[in-house]
Amino acid sequence: MKFKTFAAFVGPSLVMMLLFIAFPLVSVFMQSFYVTQPIFEQVEVESCTPGFPNPICVTEIKSQPVLGADGKITTETRFSGLESYRNVLELGRVKAAISNGSWTQLMNVDFWKALRFTLSFTLLTLPLVLIVGLSIALAVNNAVRSLRGPVIFISLLPFIITPVIGGLSIRWLFIGDGILTAAMEWMSGANISMFAQAWTIELMMMFYRVWHVAPFAFVIFYAGLQTVNQDTLESAIIDGASRWERLRFVIVPHLMPLIVFIALIHLMDSYRVFDEIVAFSSQSHVISLQWLTYDFLTPDDAGNRAISRASATAMLTMVGIVLLLIYPLKRTWRDHKGSH
Amino acid sequence: MNLRTLILAGALSVSGTVSYANCAYKNDTPVSMLAAGFEAWKAVANAMAECGNFTAELDQEFRKKQPAAFAATPSLYQIGGVSNGTITPLLNEGTIRPLDDLVEKYGQHLSPNQLIRIDGKIMAIAMMVNTQNLQYRRDVLEDLDIPVPQTWEEVLAAAAKIREAGVVDYPLGATMKSGWNLALEFINLFYGYGGVFVDDNNMPTVNTDAGIKALETMKATTEFLDPEYLVSDSTYVQQQFQQGKIAMANLWASRAGASDDEAESQVVGLVNSTAAPRVLDGGAPATTIWWDGAVIARNITDEQAEAAFRLIVEGMDTGMVEANNDAAIWLIPGYVPNRLAQGAIETLQAQPPAVSYPSTSAMGLMHTATGNNVSRFLTGSADAETTLKAIESDYLISAKEAGLIPN
């Protein structure tokens, strides 16, 4: 392809990527080193609020921002270096926890609590998604031709549902005396509260994520299965390979690039776990890194937002994803080079 | 974010109707309003719409939009619905205007309780108050011969008796959903024990005896709650009442009416209310007082402001209150308290008075820090003192970042 044609094809998406990915990233990176804050002054304010029968007036000293000549709050931006990162990582508390050898103490620091969940969520769901996806693909591949259409449609449904809606439906199945909780109580005879402790909530979140993402893995694997060399399979059968051995030595090696691809996508996606936290309102028990960023960004009633710390956690989340992806990326790169 | 707001986020919109039947005049200047989406605001918005040329956006996510919308020039809305919590960013940014001259011109008949004065200037016109107060199943307490509890100690004793009798699933309900709700439960009790959150220099003063006692009282109540209390918000507790699953809860006055809703409730006429329980003898009820009301944007013309103010006066008139008497604890003349409002009124009249939720930047930060930490104590992963220290250190970090405390 001529360079000009190549540039014409790639140019627009390159511009978009610069505009909507690179620049915001650089800006977040910069923001994580700066703090912008209003200048406050202490004033004595008398305020009156309703009371029965007469209003109650109190005089108190309040801090309020200074307004500039343009009627806007006067702010100052200062370089804060790694302060926001220090505030997020809270290394002092981490050190104290480690020297006490106390895991619970470490888990009381938001960032590490979020990291613990995010990592275990990502790494535990990964094999499950691969196994479930591959099993569905094999099952569909072996199903009678007339059944394939409906089976594919049904197994794709969870993937089509909007994530938050899917999460909420699982929540309503289990919360309080939801249908499934009631069913489990009926079967076990015990009083079960799925939302009362962290591990059951985590279990539901992982169940939901696997249920939601497995269809994606299934579609890819199913496509891959169509390209398995039938001659190799036949000769394996003649050689007396069992079903398991054929899977282990013919099909899986053939699908390896796809497995790595799905692993890559899934690592990236589930490291940013967020919907589940909101849908299950699990903040008391379980939080994720992405939720932490969101929490810093959400203004409270008084309108305060922690933009700098939000930027710092966003950067740390990105660093985490990159670290996780190094191994599968290296592998793909090796395979890519090897194929030439 | 909590689920309730997520579900209600679909903005409800009330558009101006053509009939001016119940309005004393015809409004010619287009006016719009952004407010929360609960019953009382719907009633007021409908009454305003009768004057014509009025649109309302009633949205539970209003608090996230309001500061930015009012900072625009011209402001995107002329009228804003606020509470004593959400007025803070508007006051801080100076995006709402003093209403003294308009009150003098059009609002002579407003009750003094409706005029929210800040630094001597009228900044908002209040329409209702809200507070958490004790709601209880009259029949359950009578059957078990339990006097109506007035302190948290009595509430706990009553809960133990109710549990022993086994008449309901859980003796108590509580709005302890992690985050904002949970923080408010702590704030209520902390104030009840006479605590103060920050000193005059915005330094935290939570790690005190009052803080420890507030946490311990919270922990003591959890024994009688549905074990899933960390996901239960006001709507959940309201439904527990309606379905007869709980016997007592310190719940918002604005939610009391739901127990008499014949379409939803199985306990119509059986729920009564009383003042929020105290924790100290002769202390204030352990709750906070909230008001809801309207403000007018600064960045609009005086003509628009005048039209907006006339609409506020018209929307919050006696006629509206008479038609929607049970929707809120109205501050507007003409309101007749019903059985279920009794508890809120007793709370408001209590001496010494309960604290009005402070509208300060520091309180916003403190609320968040509290909401993120109290659950650790309740789930047992930290002891009381560690929790209070964590609240203070979280607050210090965010207060420094916000510029409230010098670095």
# chains A, B, ... in the order shown; residues from 1 in each chain; ligands from 1

call {"tool": "closest_atom_pairs", "arguments": {"of": "chain B", "to": "chain A", "cutoff": "7 Å", "atoms": "only C-alpha atoms", "output": "tab-separated table"}}
result
residue	atom	partner	partner_atom	distance
B:Asn2	CA	A:Ser281	CA	7.0
B:Arg63	CA	A:Asp301	CA	6.9
B:Lys64	CA	A:Pro299	CA	6.8
B:Gly85	CA	A:Asp301	CA	5.6
B:Thr86	CA	A:Asp301	CA	5.0
B:Thr88	CA	A:Ala302	CA	5.0
B:Pro89	CA	A:Gly303	CA	5.1
B:Asn92	CA	A:Pro65	CA	6.0
B:Glu93	CA	A:Ile73	CA	5.9
B:Gly94	CA	A:Gly71	CA	6.9
B:Pro112	CA	A:Pro55	CA	6.8
B:Asn113	CA	A:Pro50	CA	4.7
B:Gln114	CA	A:Pro50	CA	6.6
B:Ile116	CA	A:Thr49	CA	5.6
B:Arg117	CA	A:Cys48	CA	5.0
B:Ile118	CA	A:Ser47	CA	4.3
B:Asp119	CA	A:Glu46	CA	4.8
B:Gly120	CA	A:Glu46	CA	6.5
B:Ser178	CA	A:Ser284	CA	5.3
B:Asp200	CA	A:Ile61	CA	6.2
B:Pro227	CA	A:Ala196	CA	5.4
B:Glu228	CA	A:Ala196	CA	4.5
B:Leu230	CA	A:Ser284	CA	6.7
B:Val231	CA	A:Ser281	CA	6.4
B:Leu348	CA	A:Phe52	CA	6.0
B:Gln349	CA	A:Phe52	CA	5.5
B:Thr360	CA	A:Ala302	CA	6.5
B:Ser361	CA	A:Ala302	CA	5.1
B:Gly364	CA	A:Ala302	CA	4.9
B:Ser375	CA	A:Ser284	CA	5.5
B:Ser381	CA	A:Thr104	CA	6.1
B:Ile397	CA	A:Asn87	CA	6.7
B:Ser398	CA	A:Ala306	CA	6.9
B:Glu401	CA	A:Val35	CA	6.8
B:Ala402	CA	A:Gln37	CA	5.4
B:Gly403	CA	A:Gln37	CA	5.3
B:Leu404	CA	A:Phe40	CA	6.5

call {"tool": "closest_residue", "arguments": {"among": "A:Ser311, A:Ser188, A:Thr317, A:Ser135", "to": "Gln290 in chain A", "atoms": "only C-alpha atoms"}}
result
A:Thr317

call {"tool": "closest_residue", "arguments": {"among": "B:Ala71, B:Met218, B:Ile146, B:Ala56", "to": "Thr379 in chain B", "atoms": "only C-alpha atoms"}}
result
B:Met218

call {"tool": "closest_residue", "arguments": {"among": "B:Ser259, B:Thr222, B:Gln78, B:Asn325", "to": "Arg97 in chain B", "atoms": "only C-alpha atoms"}}
result
B:Gln78

call {"tool": "residues_around", "arguments": {"residues": "Val268 in chain B", "least_positions_apart": "3", "cutoff": "9 Å", "atoms": "only C-alpha atoms", "output": "list in words"}}
result
Gln242, Ala258, Ser259, Asp260, Asp261, Glu262, Ser265 and Val271 of chain B

call {"tool": "closest_residue", "arguments": {"among": "B:Ile296, B:Met127, B:Asn46, B:Phe190", "to": "Gln66 in chain B", "atoms": "only C-alpha atoms"}}
result
B:Ile296

call {"tool": "residues_around", "arguments": {"residues": "Ala350 in chain B", "least_positions_apart": "5", "cutoff": "9 Å", "atoms": "only C-alpha atoms", "output": "PyMOL selection string"}}
result
(chain A and resi 52) or (chain B and resi 275+284-285+345)

call {"tool": "atom_distance", "arguments": {"atom1": "CA of Glu303 in chain B", "atom2": "CA of Ser359 in chain B"}}
result
29.2 Å

call {"tool": "closest_residue", "arguments": {"among": "A:Ile170, A:Met206, A:Leu225, A:Ile179", "to": "Asn142 in chain A", "atoms": "only C-alpha atoms"}}
result
A:Leu225

call {"tool": "atom_distance", "arguments": {"atom1": "CA of Met248 in chain B", "atom2": "CA of Gln135 in chain B"}}
result
5.7 Å

call {"tool": "residues_around", "arguments": {"residues": "Pro337 in chain B", "least_positions_apart": "2", "cutoff": "12 Å", "atoms": "only C-alpha atoms", "output": "ChimeraX atom specification"}}
result
/B:253,257,321-322,324-335,339-346

call {"tool": "residues_around", "arguments": {"residues": "Val132 in chain A", "least_positions_apart": "2", "cutoff": "10 Å", "atoms": "only C-alpha atoms", "output": "count of residues only"}}
result
16

call {"tool": "select_by_dssp", "arguments": {"residues": "range 62-150 of chain B", "states": "alpha helix (DSSP H)", "output": "ChimeraX atom specification"}}
result
/B:62-71,87-93,100-106,138-143

call {"tool": "select_by_dssp", "arguments": {"residues": "range 250-342 of chain B", "states": "strand (DSSP E)", "output": "PyMOL selection string"}}
result
chain B and resi 250-252+271-274+288-296+329-330

call {"tool": "residues_around", "arguments": {"residues": "Asn191 in chain A", "least_positions_apart": "4", "cutoff": "12 Å", "atoms": "only C-alpha atoms", "output": "PyMOL selection string"}}
result
(chain A and resi 176-177+181-187+196) or (chain B and resi 169+226-228)

call {"tool": "closest_residue", "arguments": {"among": "A:Phe33, A:Phe121, A:Phe111, A:Phe221", "to": "Tyr271 in chain A", "atoms": "only C-alpha atoms"}}
result
A:Phe121
